[in-house]
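A short worksheet on the structure shown next.
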Amino acid sequence: MCSFGKIMERDMRIGVGCMNYIIAGIGLITVFLLAWLASSDKKHIRYRPILIMILIQIVFGLLLLRTNIGLIFISGIASSFSTLLKYAYEGINFVFGGIANPDATPFFLQVLLPIVFVSALIGILQYTRILPLFIQYVGLVLSKVNGMGKLESYNAIASAIVGQSEVFITVKKQLGAIPENRLYTLCASAMSTVSMSIVGSFMTMLKPEYVVAALVLNLFGGFIIASIITPYEVKPEDDLLDQEKEERQAFFEMLGEYILDGFKVAVVVAAMLLGFIALIAMVNGFFSAVFGISFQALLGYVFAPLAFLMGVPWHEAVQAGSIMATKIVANEFVAILDFTKIQGQLSERTVAIVSVFLISFANFGSIGTIVGAVKGLNERQGNVVARFGLRLLYGATLVSILSGIIISIVV
């Protein structure tokens, strides 16, 4: 009987595993179909680079989450950020020591203010030319894989380092001459990732392995979806990268600017959280009073089928769908805060999928952020981005869904 029970248990695991792969396959087909329907040039989609990048995503996912080397790599990154945050808390404790309630977790102090220190480090790496060289050469390697230009590859790496607004400053010399299809790819990359300055903050709320995996998967996912929605081929004579050379500043002048920029980001995120969380609470209260169900719960039902196609078990799909919808409607910080309250009730599979989905700037607010950044550098191109703003969010959301599906395959 014991042997029979073990056989039954093994067969059930095999059956569940096969079903997970089938659902993931249907999810992939759905994502590609949704991207194909929005494509501006269906006849010229190049499928070979897309298939290569999907395989690369799966390989990286397996390496990061299923091998000892990957776990050591992620542990090293998590440990590095943990050490950096300890250094950051030295400054925070000096300035704000004694203010926080010892019985509470001060989100602004523990999660947002470390952004100031990380921003200062990024400034130092930029000043010493370490980051620009890294971005340029990694981008060059990427351009050999994704079938796109050097500019697109550079932009994707730079977005993950300096942020979705600041990245356009580094290529402003070329901005006015970029055609609409290439401009879409640049903006999609910026919206599909998160800047390095806030990665440490995410790691305090989500498991580091999922944060790192999302960064890698979204990088390739942005190219995959953009190459379907706006397919094009860059001619050799147009495949140029002309970076904007910053005026050389004194070291402490530069450091002061990056520290202030980091503080501005922390304050802006805090203000957005105050406003969005209060508004969502008000809307939830209204819906609960009138319809007997909160607005977020209602969105959960709307997004539940999507969560299921990403690999979330059906009995957890409504909760996952609610978090996903909150991220798109509000922003990733609001969604992650809600997610931390319920992730202990969810399976590890669901936690992995939703965590990866949350690590991007794909939300309505980012449309305005990117439009404003581009418009500030080039009025005409800013108007072009405004026209495809919703299609941009659509594509960036598909990138997050694709990353979630890839994770469901490898966990």
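Naming scheme: A, B, ... for chains in displayed order of the structure tokens; residues 1 onward per chain; ligands 1 onward as shown.
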Taking a cut-off of 10 Å and counting only C-alpha atoms, can you build a table that, for each residue of stretch 33-74 of chain A near stretch 397-405 of chain A, reports the nearest atom pair and how far apart they are in Å (one decimal), sorted by chain then residue number, as JSON lines?
{"residue": "A:Leu34", "atom": "CA", "partner": "A:Leu398", "partner_atom": "CA", "distance": 8.1}
{"residue": "A:Ala35", "atom": "CA", "partner": "A:Leu398", "partner_atom": "CA", "distance": 7.5}
{"residue": "A:Ile54", "atom": "CA", "partner": "A:Leu402", "partner_atom": "CA", "distance": 9.4}
{"residue": "A:Gln57", "atom": "CA", "partner": "A:Ser403", "partner_atom": "CA", "distance": 8.2}
{"residue": "A:Ile58", "atom": "CA", "partner": "A:Ser403", "partner_atom": "CA", "distance": 9.6}
{"residue": "A:Gly61", "atom": "CA", "partner": "A:Ser403", "partner_atom": "CA", "distance": 9.5}
Those in stretch 128-313 of chain A with helix (DSSP H, G or I) from DSSP, as a PyMOL selection string: chain A and resi 130-146+150-162+166-175+180-192+196-203+208-229+236-238+251-291+295-309
Contact residues around A:Ser80 with only C-alpha atoms at 12 Å, ignoring same-chain residues under 3 positions, as a VMD selection string: chain A and resid 73 to 77 83 to 87 118 199 to 200 203 208
Requested write-out: N, CA, C and O atoms of the selected residues, as a PDB file, in the first residue's frame:
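Result file follows (again_13.pdb):
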ATOM      1  N   PHE A  73      25.306  33.067  -7.395  1.00  0.00           N
ATOM      2  CA  PHE A  73      25.328  34.389  -8.030  1.00  0.00           C
ATOM      3  C   PHE A  73      24.296  35.314  -7.396  1.00  0.00           C
ATOM      4  O   PHE A  73      24.594  36.453  -7.025  1.00  0.00           O
ATOM      5  N   ILE A  74      23.079  34.809  -7.241  1.00  0.00           N
ATOM      6  CA  ILE A  74      22.008  35.614  -6.655  1.00  0.00           C
ATOM      7  C   ILE A  74      22.289  35.915  -5.189  1.00  0.00           C
ATOM      8  O   ILE A  74      22.052  37.027  -4.709  1.00  0.00           O
ATOM      9  N   SER A  75      22.816  34.915  -4.473  1.00  0.00           N
ATOM     10  CA  SER A  75      23.168  35.147  -3.069  1.00  0.00           C
ATOM     11  C   SER A  75      24.215  36.246  -2.947  1.00  0.00           C
ATOM     12  O   SER A  75      24.165  37.075  -2.041  1.00  0.00           O
ATOM     13  N   GLY A  76      25.160  36.243  -3.909  1.00  0.00           N
ATOM     14  CA  GLY A  76      26.192  37.278  -3.909  1.00  0.00           C
ATOM     15  C   GLY A  76      25.610  38.656  -4.144  1.00  0.00           C
ATOM     16  O   GLY A  76      25.979  39.626  -3.463  1.00  0.00           O
ATOM     17  N   ILE A  77      24.680  38.749  -5.098  1.00  0.00           N
ATOM     18  CA  ILE A  77      24.037  40.037  -5.381  1.00  0.00           C
ATOM     19  C   ILE A  77      23.215  40.492  -4.174  1.00  0.00           C
ATOM     20  O   ILE A  77      23.284  41.655  -3.764  1.00  0.00           O
ATOM     21  N   THR A  83      24.621  44.587   2.179  1.00  0.00           N
ATOM     22  CA  THR A  83      25.738  45.348   2.746  1.00  0.00           C
ATOM     23  C   THR A  83      25.597  46.835   2.435  1.00  0.00           C
ATOM     24  O   THR A  83      25.808  47.694   3.305  1.00  0.00           O
ATOM     25  N   LEU A  84      25.218  47.140   1.187  1.00  0.00           N
ATOM     26  CA  LEU A  84      25.033  48.536   0.789  1.00  0.00           C
ATOM     27  C   LEU A  84      23.930  49.194   1.620  1.00  0.00           C
ATOM     28  O   LEU A  84      24.044  50.352   2.028  1.00  0.00           O
ATOM     29  N   LEU A  85      22.840  48.438   1.856  1.00  0.00           N
ATOM     30  CA  LEU A  85      21.739  48.989   2.647  1.00  0.00           C
ATOM     31  C   LEU A  85      22.174  49.254   4.093  1.00  0.00           C
ATOM     32  O   LEU A  85      21.737  50.233   4.706  1.00  0.00           O
ATOM     33  N   LYS A  86      23.053  48.399   4.624  1.00  0.00           N
ATOM     34  CA  LYS A  86      23.572  48.635   5.978  1.00  0.00           C
ATOM     35  C   LYS A  86      24.340  49.948   6.032  1.00  0.00           C
ATOM     36  O   LYS A  86      24.227  50.721   6.983  1.00  0.00           O
ATOM     37  N   TYR A  87      25.148  50.190   4.979  1.00  0.00           N
ATOM     38  CA  TYR A  87      25.869  51.458   4.918  1.00  0.00           C
ATOM     39  C   TYR A  87      24.897  52.621   4.808  1.00  0.00           C
ATOM     40  O   TYR A  87      25.087  53.678   5.418  1.00  0.00           O
ATOM     41  N   VAL A 118      22.369  54.575  -2.996  1.00  0.00           N
ATOM     42  CA  VAL A 118      22.591  53.830  -4.243  1.00  0.00           C
ATOM     43  C   VAL A 118      22.770  54.794  -5.408  1.00  0.00           C
ATOM     44  O   VAL A 118      23.608  54.594  -6.293  1.00  0.00           O
ATOM     45  N   VAL A 199      16.444  48.879  -7.128  1.00  0.00           N
ATOM     46  CA  VAL A 199      16.477  47.418  -7.037  1.00  0.00           C
ATOM     47  C   VAL A 199      16.669  46.967  -5.589  1.00  0.00           C
ATOM     48  O   VAL A 199      16.026  46.016  -5.126  1.00  0.00           O
ATOM     49  N   GLY A 200      17.540  47.657  -4.855  1.00  0.00           N
ATOM     50  CA  GLY A 200      17.747  47.317  -3.451  1.00  0.00           C
ATOM     51  C   GLY A 200      16.470  47.436  -2.636  1.00  0.00           C
ATOM     52  O   GLY A 200      16.209  46.623  -1.748  1.00  0.00           O
ATOM     53  N   MET A 203      14.351  44.443  -3.198  1.00  0.00           N
ATOM     54  CA  MET A 203      14.886  43.248  -2.538  1.00  0.00           C
ATOM     55  C   MET A 203      14.560  43.207  -1.057  1.00  0.00           C
ATOM     56  O   MET A 203      14.664  42.143  -0.436  1.00  0.00           O
ATOM     57  N   PRO A 208      15.132  38.137  -3.442  1.00  0.00           N
ATOM     58  CA  PRO A 208      16.137  38.637  -4.384  1.00  0.00           C
ATOM     59  C   PRO A 208      16.244  37.826  -5.669  1.00  0.00           C
ATOM     60  O   PRO A 208      16.480  38.383  -6.746  1.00  0.00           O
TER      61      PRO A 208
END
Interatomic distance, atom CA of A:Lys327 to atom CA of A:Ile259 (Å, one decimal): 27.6 Å
Quick one: everything within 12 Å of A:Leu346, counting only C-alpha atoms, minus sequence neighbours fewer than 2 positions away in the same chain. Send it as a compact mmCIF listing (two decimals) with N, CA and C atoms, in the first residue's frame.
# COMPACT_ATOMS: atom_id res chain seq x y z
N VAL A 312 -0.36 30.68 -12.71
CA VAL A 312 -0.87 30.75 -11.34
C VAL A 312 -2.00 29.73 -11.17
N PRO A 313 -1.98 28.89 -10.14
CA PRO A 313 -3.09 27.95 -9.90
C PRO A 313 -4.42 28.70 -9.82
N TRP A 314 -5.47 28.11 -10.36
CA TRP A 314 -6.74 28.81 -10.47
C TRP A 314 -7.28 29.30 -9.13
N HIS A 315 -7.08 28.52 -8.06
CA HIS A 315 -7.62 28.93 -6.76
C HIS A 315 -6.90 30.15 -6.18
N GLU A 316 -5.77 30.54 -6.78
CA GLU A 316 -5.05 31.74 -6.34
C GLU A 316 -5.07 32.85 -7.39
N ALA A 317 -5.74 32.59 -8.51
CA ALA A 317 -5.69 33.51 -9.66
C ALA A 317 -6.34 34.86 -9.37
N VAL A 318 -7.42 34.87 -8.58
CA VAL A 318 -8.10 36.14 -8.29
C VAL A 318 -7.21 37.05 -7.44
N GLN A 319 -6.57 36.48 -6.42
CA GLN A 319 -5.66 37.27 -5.60
C GLN A 319 -4.48 37.80 -6.42
N ALA A 320 -3.92 36.94 -7.25
CA ALA A 320 -2.80 37.34 -8.10
C ALA A 320 -3.24 38.40 -9.11
N PHE A 339 1.08 43.10 -2.07
CA PHE A 339 1.50 41.71 -2.26
C PHE A 339 2.18 41.16 -1.01
N THR A 340 2.98 41.98 -0.34
CA THR A 340 3.69 41.51 0.86
C THR A 340 2.71 41.11 1.97
N LYS A 341 1.51 41.66 1.92
CA LYS A 341 0.50 41.34 2.95
C LYS A 341 -0.11 39.95 2.75
N ILE A 342 -0.10 39.46 1.49
CA ILE A 342 -0.80 38.20 1.20
C ILE A 342 0.11 37.08 0.71
N GLN A 343 1.39 37.38 0.42
CA GLN A 343 2.21 36.35 -0.22
C GLN A 343 2.44 35.14 0.67
N GLY A 344 2.32 35.32 2.00
CA GLY A 344 2.44 34.18 2.90
C GLY A 344 1.30 33.19 2.74
N GLU A 348 4.47 28.93 -3.45
CA GLU A 348 5.75 29.47 -3.92
C GLU A 348 5.72 29.74 -5.42
N ARG A 349 5.00 28.92 -6.15
CA ARG A 349 4.88 29.11 -7.61
C ARG A 349 4.22 30.44 -7.92
N THR A 350 3.13 30.74 -7.24
CA THR A 350 2.42 32.00 -7.45
C THR A 350 3.27 33.19 -7.02
N VAL A 351 3.97 33.05 -5.90
CA VAL A 351 4.85 34.12 -5.41
C VAL A 351 5.91 34.44 -6.45
N ALA A 352 6.50 33.40 -7.05
CA ALA A 352 7.54 33.60 -8.06
C ALA A 352 6.99 34.33 -9.28
N ILE A 353 5.85 33.88 -9.79
CA ILE A 353 5.27 34.45 -11.01
C ILE A 353 4.86 35.91 -10.79
N VAL A 354 4.16 36.18 -9.70
CA VAL A 354 3.68 37.54 -9.44
C VAL A 354 4.85 38.47 -9.13
N SER A 355 5.84 37.98 -8.39
CA SER A 355 7.02 38.81 -8.07
C SER A 355 7.70 39.28 -9.34
Nearest-residue call for A:Ile115, choices A:Ile45, A:Met148, A:Ile69, A:Ala270, using only C-alpha atoms: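 Among A:Ile45, A:Met148, A:Ile69, A:Ala270, it is A:Ala270 that comes nearest to A:Ile115.
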Residue nearest A:Ile56 among A:Ile406, A:Met254, A:Leu273, A:Ile130 (counting only C-alpha atoms):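 With only C-alpha atoms as the atom set, the closest residue is A:Ile406.
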Shell around stretch 292-297 of chain A at 10 Å using only C-alpha atoms, local window under 2 positions removed, as a list in words: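 Final neighbour list, sorted by chain and number: Ile280, Ala281, Met282, Val283, Asn284, Gly285, Phe286, Phe287, Ser288, Ala289, Val290, Leu299, Gly300, Tyr301, Val302, Phe303, Val318, Gln319, Gly321, Ser322, Ile323, Met324, Ala325 and Thr326 of chain A.
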With N, CA and C atoms retained, write the just-selected residues as a short mmCIF file (atom, residue, chain, number, x, y, z; two decimals), in the first residue's frame.
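The resulting out.cif:
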data_model
loop_
_atom_site.label_atom_id
_atom_site.label_comp_id
_atom_site.auth_asym_id
_atom_site.auth_seq_id
_atom_site.Cartn_x
_atom_site.Cartn_y
_atom_site.Cartn_z
N ILE A 280 -6.93 54.53 -3.74
CA ILE A 280 -7.40 53.15 -3.87
C ILE A 280 -8.26 52.76 -2.67
N ALA A 281 -7.86 53.21 -1.48
CA ALA A 281 -8.67 52.92 -0.28
C ALA A 281 -10.05 53.56 -0.41
N MET A 282 -10.10 54.80 -0.93
CA MET A 282 -11.39 55.49 -1.11
C MET A 282 -12.26 54.77 -2.13
N VAL A 283 -11.65 54.38 -3.27
CA VAL A 283 -12.40 53.69 -4.32
C VAL A 283 -12.87 52.32 -3.82
N ASN A 284 -11.99 51.62 -3.07
CA ASN A 284 -12.39 50.33 -2.50
C ASN A 284 -13.58 50.50 -1.55
N GLY A 285 -13.52 51.55 -0.74
CA GLY A 285 -14.62 51.81 0.19
C GLY A 285 -15.93 52.09 -0.53
N PHE A 286 -15.86 52.88 -1.61
CA PHE A 286 -17.06 53.20 -2.40
C PHE A 286 -17.65 51.94 -3.02
N PHE A 287 -16.79 51.14 -3.65
CA PHE A 287 -17.28 49.92 -4.32
C PHE A 287 -17.85 48.93 -3.30
N SER A 288 -17.19 48.83 -2.14
CA SER A 288 -17.68 47.90 -1.11
C SER A 288 -19.05 48.34 -0.59
N ALA A 289 -19.22 49.65 -0.44
CA ALA A 289 -20.50 50.16 0.07
C ALA A 289 -21.62 50.02 -0.94
N VAL A 290 -21.32 50.25 -2.22
CA VAL A 290 -22.36 50.24 -3.26
C VAL A 290 -22.58 48.85 -3.85
N LEU A 299 -11.20 43.88 -9.90
CA LEU A 299 -10.12 43.77 -10.89
C LEU A 299 -9.46 42.40 -10.84
N GLY A 300 -9.43 41.81 -9.66
CA GLY A 300 -8.86 40.47 -9.52
C GLY A 300 -9.59 39.46 -10.38
N TYR A 301 -10.91 39.55 -10.41
CA TYR A 301 -11.70 38.65 -11.25
C TYR A 301 -11.45 38.91 -12.74
N VAL A 302 -11.26 40.18 -13.09
CA VAL A 302 -11.00 40.53 -14.49
C VAL A 302 -9.65 39.98 -14.95
N PHE A 303 -8.65 40.08 -14.08
CA PHE A 303 -7.30 39.66 -14.44
C PHE A 303 -7.01 38.20 -14.10
N VAL A 318 -7.42 34.87 -8.58
CA VAL A 318 -8.10 36.14 -8.29
C VAL A 318 -7.21 37.05 -7.44
N GLN A 319 -6.57 36.48 -6.42
CA GLN A 319 -5.66 37.27 -5.60
C GLN A 319 -4.48 37.80 -6.42
N GLY A 321 -4.42 38.19 -9.69
CA GLY A 321 -4.95 39.15 -10.67
C GLY A 321 -5.18 40.52 -10.07
N SER A 322 -5.60 40.56 -8.81
CA SER A 322 -5.82 41.84 -8.13
C SER A 322 -4.50 42.61 -7.97
N ILE A 323 -3.43 41.90 -7.61
CA ILE A 323 -2.11 42.53 -7.46
C ILE A 323 -1.60 43.02 -8.80
N MET A 324 -1.76 42.21 -9.83
CA MET A 324 -1.32 42.58 -11.18
C MET A 324 -2.04 43.84 -11.67
N ALA A 325 -3.35 43.88 -11.43
CA ALA A 325 -4.13 45.04 -11.86
C ALA A 325 -3.72 46.29 -11.10
N THR A 326 -3.45 46.14 -9.81
CA THR A 326 -3.02 47.28 -8.99
C THR A 326 -1.73 47.87 -9.53
#
Please tabulate, as CSV, the residues of stretch 307-384 of chain A that come within 12 Å of stretch 173-179 of chain A, each with its closest pair of atoms and the distance in Å to one decimal, counting only C-alpha atoms and ordering rows by chain, then residue number upward.
residue,atom,partner,partner_atom,distance
A:Ala373,CA,A:Leu175,CA,11.5
A:Val374,CA,A:Leu175,CA,8.3
A:Lys375,CA,A:Leu175,CA,10.3
A:Gly376,CA,A:Leu175,CA,11.3
A:Leu377,CA,A:Leu175,CA,8.0
A:Asn378,CA,A:Gly176,CA,6.4
A:Glu379,CA,A:Gly176,CA,9.1
A:Arg380,CA,A:Gly176,CA,7.8
A:Gln381,CA,A:Gly176,CA,6.6
A:Gly382,CA,A:Gly176,CA,9.7
A:Asn383,CA,A:Gly176,CA,11.7
A:Val384,CA,A:Pro179,CA,9.7
Write out as an mmCIF file with N, CA and C atoms, in the first residue's frame each polymer residue whose atoms come within 10 Å of A:Phe107, counting only C-alpha atoms; drop sequence neighbours fewer than 6 positions from it.
data_model
loop_
_atom_site.group_PDB
_atom_site.id
_atom_site.type_symbol
_atom_site.label_atom_id
_atom_site.label_comp_id
_atom_site.auth_asym_id
_atom_site.auth_seq_id
_atom_site.Cartn_x
_atom_site.Cartn_y
_atom_site.Cartn_z
ATOM 1 N N ALA A 100 11.619 57.423 14.260
ATOM 2 C CA ALA A 100 10.742 56.298 13.916
ATOM 3 C C ALA A 100 10.186 55.631 15.165
ATOM 4 N N LEU A 113 14.607 55.681 1.490
ATOM 5 C CA LEU A 113 15.797 56.515 1.660
ATOM 6 C C LEU A 113 17.121 55.862 1.238
ATOM 7 N N SER A 201 15.652 48.447 -2.953
ATOM 8 C CA SER A 201 14.373 48.621 -2.254
ATOM 9 C C SER A 201 13.444 47.447 -2.522
ATOM 10 N N ALA A 270 7.446 58.338 -2.489
ATOM 11 C CA ALA A 270 6.652 58.446 -1.264
ATOM 12 C C ALA A 270 5.356 59.216 -1.518
ATOM 13 N N LEU A 337 3.549 46.449 -2.042
ATOM 14 C CA LEU A 337 3.123 46.601 -0.650
ATOM 15 C C LEU A 337 1.886 45.756 -0.367
#
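Nearest residue to A:Phe117 among A:Leu255, A:Ala190, A:Ile367, A:Val171 is A:Leu255, counting only C-alpha atoms.
Residue neighbourhood of stretch 156-168 of chain A, excluding near-sequence residues (fewer than 2 positions): Ile135, Ser153, Tyr154, Thr170, Val171, Lys172, Ser189, Ala190, Thr193, Val194, Ser195, Met196 and Ala373 of chain A, at 6 Å, using only C-alpha atoms.
One distance worth recording is that between atom CA of A:Gly311 and atom CA of A:Val410, which is 11.0 Å.
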